[in-house]
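What follows is the content of target_13.csv (CSV, C-alpha atoms and all ligand atoms).
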chain,number,residue,atom,x,y,z
A,1,MET,CA,-34.7,0.2,13.9
A,2,ASP,CA,-32.4,0.0,10.9
A,3,GLY,CA,-30.1,2.8,12.1
A,4,SER,CA,-29.4,1.0,15.4
A,5,ARG,CA,-28.9,-2.4,13.9
A,6,LEU,CA,-25.5,-3.9,14.7
A,7,ARG,CA,-23.3,-6.4,13.0
A,8,LEU,CA,-21.4,-8.0,15.8
A,9,LEU,CA,-18.1,-9.8,15.2
A,10,VAL,CA,-17.6,-11.9,18.4
A,11,ASP,CA,-14.3,-13.6,19.3
A,12,MET,CA,-14.8,-16.9,21.1
A,13,ASP,CA,-12.0,-17.9,23.5
A,14,GLY,CA,-12.0,-15.4,26.4
A,15,VAL,CA,-15.2,-13.8,25.3
A,16,ILE,CA,-17.9,-16.5,25.3
A,17,TYR,CA,-16.0,-19.3,27.0
A,18,ARG,CA,-12.8,-19.7,28.9
A,19,GLY,CA,-11.0,-22.9,29.9
A,20,GLY,CA,-13.8,-25.1,28.4
A,21,ARG,CA,-16.5,-23.3,30.3
A,22,ALA,CA,-19.2,-20.9,29.0
A,23,LEU,CA,-18.8,-17.4,30.5
A,24,PRO,CA,-21.8,-15.8,32.2
A,25,GLY,CA,-24.6,-13.9,30.5
A,26,LEU,CA,-24.6,-15.7,27.1
A,27,THR,CA,-28.3,-16.7,27.1
A,28,GLU,CA,-29.2,-13.1,27.8
A,29,PHE,CA,-26.7,-11.9,25.1
A,30,PHE,CA,-28.1,-14.2,22.3
A,31,ASP,CA,-31.7,-13.4,23.3
A,32,TRP,CA,-30.9,-9.7,23.2
A,33,ILE,CA,-29.3,-10.1,19.7
A,34,SER,CA,-32.4,-11.8,18.3
A,35,ALA,CA,-34.9,-9.5,20.1
A,36,GLU,CA,-33.1,-6.4,18.7
A,37,GLY,CA,-32.6,-7.8,15.2
A,38,HIS,CA,-28.8,-7.5,15.3
A,39,ALA,CA,-26.6,-9.8,13.3
A,40,TYR,CA,-23.6,-11.7,14.6
A,41,MET,CA,-20.8,-14.0,13.7
A,42,LEU,CA,-18.5,-15.9,16.0
A,43,VAL,CA,-15.0,-15.3,14.6
A,44,THR,CA,-12.0,-17.4,15.5
A,45,ASN,CA,-8.3,-17.5,14.4
A,46,ASN,CA,-8.4,-21.3,15.1
A,47,ALA,CA,-8.0,-23.0,11.8
A,48,SER,CA,-7.7,-26.6,13.1
A,49,ARG,CA,-11.4,-27.4,13.5
A,50,SER,CA,-14.4,-26.9,11.2
A,51,PRO,CA,-17.4,-24.7,12.2
A,52,GLU,CA,-19.5,-27.9,12.6
A,53,GLU,CA,-16.9,-29.3,15.1
A,54,ILE,CA,-16.7,-26.0,16.9
A,55,ALA,CA,-20.6,-25.9,17.1
A,56,VAL,CA,-20.5,-29.3,18.7
A,57,GLN,CA,-17.8,-28.3,21.2
A,58,LEU,CA,-19.8,-25.1,22.1
A,59,HIS,CA,-23.0,-27.2,22.5
A,60,GLY,CA,-21.1,-29.3,25.1
A,61,MET,CA,-20.5,-26.1,27.1
A,62,GLY,CA,-24.2,-25.2,26.8
A,63,ILE,CA,-23.7,-22.6,24.1
A,64,HIS,CA,-26.1,-23.3,21.3
A,65,VAL,CA,-25.0,-21.6,18.1
A,66,PRO,CA,-25.6,-22.9,14.5
A,67,SER,CA,-22.4,-23.7,12.6
A,68,GLU,CA,-23.4,-21.1,10.0
A,69,ARG,CA,-22.8,-18.4,12.5
A,70,ILE,CA,-19.1,-19.5,13.0
A,71,VAL,CA,-16.3,-18.4,10.8
A,72,THR,CA,-12.7,-19.7,11.1
A,73,SER,CA,-9.5,-18.4,9.7
A,74,ALA,CA,-9.4,-21.7,7.7
A,75,MET,CA,-12.7,-20.7,5.9
A,76,ALA,CA,-11.5,-17.2,5.3
A,77,THR,CA,-8.2,-18.6,3.9
A,78,ALA,CA,-10.1,-20.9,1.5
A,79,VAL,CA,-12.4,-18.1,0.4
A,80,TRP,CA,-9.5,-15.7,-0.2
A,81,LEU,CA,-7.5,-18.4,-2.0
A,82,ARG,CA,-10.5,-19.2,-4.4
A,83,GLU,CA,-10.4,-15.5,-5.4
A,84,GLN,CA,-6.7,-15.5,-6.0
A,85,ALA,CA,-6.0,-18.9,-7.5
A,86,PRO,CA,-7.5,-20.5,-10.6
A,87,GLU,CA,-9.5,-23.7,-10.4
A,88,GLY,CA,-7.2,-26.7,-10.0
A,89,ALA,CA,-4.4,-24.8,-8.4
A,90,ARG,CA,-1.8,-27.0,-6.7
A,91,VAL,CA,-1.6,-26.4,-2.9
A,92,LEU,CA,0.7,-27.7,-0.2
A,93,CYS,CA,-1.3,-27.5,3.0
A,94,ILE,CA,0.2,-27.8,6.5
A,95,GLY,CA,-2.8,-27.7,8.9
A,96,GLY,CA,-5.5,-29.6,10.8
A,97,SER,CA,-8.6,-31.3,9.5
A,98,GLY,CA,-10.6,-28.0,9.5
A,99,LEU,CA,-8.1,-26.5,7.0
A,100,TRP,CA,-7.9,-29.6,4.9
A,101,LYS,CA,-11.7,-29.8,4.6
A,102,GLU,CA,-11.8,-26.1,3.5
A,103,LEU,CA,-9.0,-26.5,0.9
A,104,TYR,CA,-9.7,-29.9,-0.6
A,105,GLY,CA,-13.4,-30.6,0.4
A,106,ASN,CA,-16.4,-30.7,-1.8
A,107,ASP,CA,-16.7,-26.9,-2.4
A,108,SER,CA,-13.0,-26.6,-3.4
A,109,SER,CA,-11.1,-27.4,-6.6
A,110,PHE,CA,-7.6,-27.2,-5.2
A,111,ILE,CA,-5.3,-30.1,-5.7
A,112,PRO,CA,-2.9,-31.3,-2.9
A,113,ASP,CA,0.6,-31.2,-4.2
A,114,ASP,CA,3.7,-31.4,-1.9
A,115,ALA,CA,6.3,-31.7,-4.7
A,116,ASN,CA,5.5,-28.8,-7.0
A,117,PRO,CA,2.8,-26.5,-5.4
A,118,GLU,CA,1.9,-23.0,-6.6
A,119,TRP,CA,0.6,-22.1,-3.1
A,120,VAL,CA,1.7,-23.0,0.4
A,121,VAL,CA,-0.9,-22.7,3.1
A,122,VAL,CA,0.2,-23.1,6.7
A,123,GLY,CA,-1.9,-23.4,9.9
A,124,LEU,CA,-1.4,-25.4,13.1
A,125,ASP,CA,-0.6,-29.0,12.4
A,126,ARG,CA,0.0,-31.1,15.5
A,127,ASN,CA,1.4,-34.0,13.4
A,128,VAL,CA,3.7,-32.0,11.1
A,129,THR,CA,7.1,-33.5,10.2
A,130,TYR,CA,10.4,-31.9,9.4
A,131,ALA,CA,10.1,-33.3,5.9
A,132,ARG,CA,6.8,-31.4,5.2
A,133,ILE,CA,8.1,-28.1,6.8
A,134,ALA,CA,11.2,-28.5,4.5
A,135,ALA,CA,9.0,-29.1,1.5
A,136,ALA,CA,7.0,-26.0,2.3
A,137,SER,CA,10.1,-23.9,2.7
A,138,LEU,CA,11.6,-25.2,-0.5
A,139,ALA,CA,8.4,-24.5,-2.4
A,140,VAL,CA,8.3,-20.9,-1.1
A,141,GLN,CA,11.9,-20.5,-2.1
A,142,ARG,CA,11.0,-21.7,-5.6
A,143,GLY,CA,8.3,-19.1,-5.9
A,144,ALA,CA,5.1,-20.6,-4.5
A,145,ARG,CA,2.9,-18.0,-2.8
A,146,TYR,CA,2.9,-18.3,0.9
A,147,VAL,CA,-0.3,-17.9,3.0
A,148,ALA,CA,-0.7,-18.1,6.8
A,149,THR,CA,-4.1,-18.9,8.3
A,150,ASN,CA,-3.4,-17.2,11.6
A,151,PRO,CA,-0.2,-15.9,13.1
A,152,ASP,CA,-0.7,-17.0,16.7
A,153,LEU,CA,2.7,-17.9,18.1
A,154,THR,CA,1.3,-20.0,21.0
A,155,PHE,CA,-1.9,-21.3,22.4
A,156,PRO,CA,-2.6,-22.1,26.0
A,157,ALA,CA,-2.6,-25.6,27.4
A,158,GLU,CA,-2.8,-27.0,30.9
A,159,ASP,CA,1.0,-27.2,31.3
A,160,GLY,CA,1.9,-23.9,29.6
A,161,LEU,CA,2.0,-22.3,26.1
A,162,LEU,CA,2.3,-24.7,23.2
A,163,PRO,CA,3.7,-23.7,19.8
A,164,GLY,CA,0.9,-22.4,17.6
A,165,ALA,CA,0.5,-21.9,13.8
A,166,GLY,CA,2.7,-18.8,13.9
A,167,ALA,CA,5.6,-20.7,15.4
A,168,LEU,CA,5.4,-23.3,12.6
A,169,GLN,CA,5.1,-20.5,10.0
A,170,ALA,CA,8.2,-18.8,11.6
A,171,VAL,CA,10.3,-21.8,10.7
A,172,ILE,CA,9.3,-21.4,7.0
A,173,THR,CA,9.5,-17.6,7.0
A,174,LEU,CA,13.0,-17.7,8.5
A,175,SER,CA,14.4,-20.4,6.3
A,176,ALA,CA,12.8,-19.2,3.1
A,177,GLY,CA,13.3,-15.5,3.9
A,178,ILE,CA,9.8,-14.6,2.7
A,179,GLN,CA,6.9,-13.3,4.8
A,180,PRO,CA,3.4,-15.0,4.3
A,181,VAL,CA,0.1,-13.2,3.5
A,182,VAL,CA,-1.7,-13.5,6.8
A,183,ILE,CA,-5.5,-14.0,6.9
A,184,GLY,CA,-6.3,-14.2,10.6
A,185,LYS,CA,-6.3,-11.5,13.2
A,186,PRO,CA,-4.6,-9.0,13.7
A,187,GLU,CA,-4.8,-8.7,9.9
A,188,PRO,CA,-8.2,-7.5,8.7
A,189,LYS,CA,-9.0,-10.3,6.1
A,190,LEU,CA,-10.8,-12.6,8.5
A,191,PHE,CA,-13.2,-9.9,9.7
A,192,GLU,CA,-13.7,-8.8,6.2
A,193,MET,CA,-14.7,-12.3,5.1
A,194,ALA,CA,-17.0,-12.6,8.2
A,195,LEU,CA,-18.8,-9.4,7.2
A,196,ARG,CA,-19.4,-10.7,3.7
A,197,LEU,CA,-21.3,-13.7,5.2
A,198,MET,CA,-23.6,-11.2,7.1
A,199,PRO,CA,-26.5,-9.1,5.9
A,200,ASP,CA,-25.5,-5.6,4.7
A,201,GLY,CA,-26.0,-2.5,6.8
A,202,GLY,CA,-25.6,-1.7,10.4
A,203,GLU,CA,-22.7,-0.5,12.5
A,204,VAL,CA,-19.9,-3.1,12.8
A,205,VAL,CA,-18.9,-3.9,16.4
A,206,VAL,CA,-16.0,-6.1,17.4
A,207,LEU,CA,-16.1,-7.9,20.8
A,208,GLY,CA,-12.7,-9.3,21.8
A,209,ASP,CA,-10.5,-10.1,24.8
A,210,ARG,CA,-7.1,-9.3,23.1
A,211,LEU,CA,-5.8,-5.9,22.2
A,212,ASP,CA,-3.1,-7.2,19.9
A,213,THR,CA,-5.4,-9.3,17.8
A,214,ASP,CA,-9.2,-8.6,18.1
A,215,ILE,CA,-9.1,-4.9,18.9
A,216,LYS,CA,-6.2,-4.3,16.4
A,217,ALA,CA,-8.0,-6.0,13.6
A,218,GLY,CA,-11.3,-4.3,14.6
A,219,THR,CA,-9.6,-0.9,14.4
A,220,CYS,CA,-8.2,-1.9,10.9
A,221,ILE,CA,-11.7,-2.4,9.5
A,222,GLY,CA,-13.0,0.8,11.1
A,223,ALA,CA,-15.3,-1.1,13.6
A,224,ARG,CA,-16.4,0.1,17.0
A,225,THR,CA,-14.2,-2.0,19.3
A,226,VAL,CA,-15.2,-3.5,22.7
A,227,LEU,CA,-12.6,-5.1,25.0
A,228,LEU,CA,-14.0,-7.6,27.4
A,229,LEU,CA,-11.8,-8.3,30.4
A,230,THR,CA,-12.8,-12.0,30.6
A,231,GLY,CA,-9.7,-13.2,28.7
A,232,VAL,CA,-6.1,-12.1,28.1
A,233,SER,CA,-5.8,-8.2,28.0
A,234,THR,CA,-6.2,-6.1,31.1
A,235,ARG,CA,-7.7,-2.6,31.7
A,236,GLU,CA,-4.1,-1.3,32.5
A,237,GLU,CA,-2.8,-2.6,29.1
A,238,ALA,CA,-5.8,-0.9,27.4
A,239,ALA,CA,-5.0,2.4,29.1
A,240,THR,CA,-1.3,2.4,28.3
A,241,GLY,CA,-0.8,0.5,24.9
A,242,ASP,CA,-1.0,1.8,21.4
A,243,VAL,CA,-4.2,-0.2,20.6
A,244,ARG,CA,-7.1,1.5,22.3
A,245,PRO,CA,-10.6,0.0,22.4
A,246,ASP,CA,-13.6,2.3,22.2
A,247,GLU,CA,-15.3,0.6,25.2
A,248,ILE,CA,-14.1,-1.7,28.0
A,249,TYR,CA,-16.3,-3.9,30.2
A,250,SER,CA,-15.6,-6.5,32.8
A,251,ASP,CA,-17.9,-9.0,31.1
A,252,ILE,CA,-20.9,-9.5,28.8
A,253,PRO,CA,-23.5,-8.8,31.5
A,254,GLU,CA,-21.9,-5.4,32.3
A,255,MET,CA,-21.7,-4.6,28.6
A,256,LEU,CA,-25.4,-5.4,28.1
A,257,ARG,CA,-26.4,-3.3,31.1
A,258,HIS,CA,-24.6,-0.3,29.6
A,259,TRP,CA,-25.9,-0.8,26.1
A,260,ARG,CA,-29.5,-1.2,27.4
A,261,GLN,CA,-29.3,2.0,29.4
A,262,ARG,CA,-27.9,3.8,26.4
A,263,GLY,CA,-31.0,2.5,24.5
B,301,MG,MG,-9.9,-14.5,22.4
Starting from the coordinates I provided, produce the structure as structure tokens.
Ligand SMILES: [Mg+2]
Amino acid sequence: MDGSRLRLLVDMDGVIYRGGRALPGLTEFFDWISAEGHAYMLVTNNASRSPEEIAVQLHGMGIHVPSERIVTSAMATAVWLREQAPEGARVLCIGGSGLWKELYGNDSSFIPDDANPEWVVVGLDRNVTYARIAAASLAVQRGARYVATNPDLTFPAEDGLLPGAGALQAVITLSAGIQPVVIGKPEPKLFEMALRLMPDGGEVVVLGDRLDTDIKAGTCIGARTVLLLTGVSTREEAATGDVRPDEIYSDIPEMLRHWRQRG
């Protein structure tokens, strides 16, 4: 059994839910994972909410996943920062409650400091002010290390695309003239952190709906990559772009049918 064991890194939006609704085949999918003894993590670039908040949100859609099986770019950023920065490092954080909890919560020793930070960490903050963006930019110009949770320029809302973490980061990047270290997809660090939270051994498989983030990051870590057509990227884009997934399925039920036949 060990040889066929998988470590599944599963994107959320466009893979297990879309527009606030669970996509089909999830009960079968999670039953199959536990019956076959595979391991999985749900991996999201979203740094605004904590795994607990995300688990509650998923529960509301009828998707029952323990919060320990969810990893966010905020978590990965905090883990990475703890490896880079000494205890008590001064950090200016622009981001939502999920990021604040990870950086300044119980498990963390970082100290909030907007005036003279050693590190500047930027995610999506819907209440950000010009003054804080300016403070972040000035700190980066003075030599603070600059870290981005996730580089998503936009995120979808009912009336169109809203500015995402990447759009806020761009203001700092352009004004300071310095690029951030990026933790989230398409960079590989988020997936690498997720794998460290999973048992060793077994082929790594990435399930995603976006070629430019999920599949690209999956390729970076040498995973088998699976594009599901329930989200953003299309079969045509997969056939013509520079990022090519190993497998493409219209949805999770079709993927499971193929994998079961393959045995
Ligand atoms: Mg997605």
Next on the checklist: At a cut-off of 12 Å around ligand MG 301 (chain B), and using all atoms listed in the file, what residues come up? Please write them as number ranges by chain.
Outcome noted: A: 9-19, 42-46, 152, 155-156, 185-186, 206-215, 227-233
Which residues of segment 152-202 of chain A come within 6 Å of segment 68-90 of chain A, and what is each one's closest atom pair and distance in Å (one decimal), counting all atoms listed in the file, sorted by chain and residue number, as a tab-separated table?
residue	atom	partner	partner_atom	distance
A:Gly184	CA	A:Ser73	CA	5.4
A:Leu190	CA	A:Ala76	CA	5.6
A:Met193	CA	A:Ala76	CA	5.9
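Distances from A:Thr149, A:Lys216, A:Arg262, A:Pro112 to Gly241 of chain A were compared using only C-alpha atoms, and the smallest one belongs to A:Lys216.
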List as JSON lines every residue of segment 141-193 of chain A that is in contact with segment 125-132 of chain A, defined as an atom at most 10 Å from one of its atoms (using only C-alpha atoms), together with the nearest atom pair and the distance in Å rounded to one decimal, sorted by chain and then rising number.
{"residue": "A:Pro163", "atom": "CA", "partner": "A:Arg126", "partner_atom": "CA", "distance": 9.3}
{"residue": "A:Gly164", "atom": "CA", "partner": "A:Asp125", "partner_atom": "CA", "distance": 8.5}
{"residue": "A:Ala165", "atom": "CA", "partner": "A:Asp125", "partner_atom": "CA", "distance": 7.3}
{"residue": "A:Leu168", "atom": "CA", "partner": "A:Asp125", "partner_atom": "CA", "distance": 8.3}
Next on the checklist: Between atom CA of Glu53 of chain A and atom CA of Leu162 of chain A, what is the distance in Å, rounded to a tenth?
Outcome noted: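 Atom-to-atom, atom CA of Glu53 of chain A to atom CA of Leu162 of chain A, that is 21.3 Å.
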Checklist entry - Which one is closest to Thr173 of chain A: A:Arg224, A:Arg5, A:Lys189, A:Arg145? Count all atoms listed in the file. => result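 Checking each of A:Arg224, A:Arg5, A:Lys189, A:Arg145 against Thr173 of chain A, counting all atoms listed in the file, the winner is A:Arg145.
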Checklist entry - For Val226 of chain A, which residue out of A:Glu187, A:Glu254, A:Glu28, A:Asp114 is the nearest one, using only C-alpha atoms? => result A:Glu254
Item to check | Two-atom distance - atom CA of Asp159 of chain A, atom CA of His59 of chain A (Å) | outcome: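 Atom CA of His59 of chain A lies 25.6 Å from atom CA of Asp159 of chain A.
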Checklist entry - Hey, can you check how far atom CA of Cys220 of chain A sits from atom CA of Phe30 of chain A? => result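 Taking atom CA of Cys220 of chain A as the start and atom CA of Phe30 of chain A as the end point, the length is 26.0 Å.
Across A:Gly60, A:Gly143, A:Pro151, A:Pro180, the tightest approach to Ala47 of chain A is made by A:Pro151 when counting only C-alpha atoms.
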Item to check | Point (6.4, -17.8, 16.3), cut-off 6 Å, counting all atoms listed in the file, residues as an NGL selection string | outcome: :A and (153 or 166-167 or 170)
Only C-alpha atoms, please: the residues just picked out, written as a PDB file, keeping the file's coordinate frame.
ATOM      1  CA  LEU A 153       2.700 -17.900  18.100  1.00  0.00           C
ATOM      2  CA  GLY A 166       2.700 -18.800  13.900  1.00  0.00           C
ATOM      3  CA  ALA A 167       5.600 -20.700  15.400  1.00  0.00           C
ATOM      4  CA  ALA A 170       8.200 -18.800  11.600  1.00  0.00           C
TER       5      ALA A 170
END
Item to check | Test item: residues at most 10 Å from Lys101 of chain A, only C-alpha atoms, excluding those fewer than 2 positions along its chain, as JSON, numbers by chain | outcome: {"A": [48, 49, 50, 74, 75, 78, 96, 97, 98, 99, 103, 104, 105, 106, 107, 108]}
Item to check | Counting all atoms listed in the file, the option among A:Ile133, A:Ala139, A:Trp100, A:Glu203 closest to Pro117 of chain A | outcome: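 Using all atoms listed in the file, Pro117 of chain A sits closest to A:Ala139.
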Checklist entry - With distances taken over all atoms listed in the file, which of A:Thr234, A:Thr219, A:Gln57, A:Ser137 is nearest to Val205 of chain A? => result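 Checking each candidate against Val205 of chain A, we get A:Thr219 as the closest.
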Next on the checklist: Show me, as a VMD selection string, the residues that have an atom within 6 Å of Gly95 of chain A when counting all atoms listed in the file, minus same-chain residues fewer than 5 positions from it.
Outcome noted: chain A and resid 122 to 125
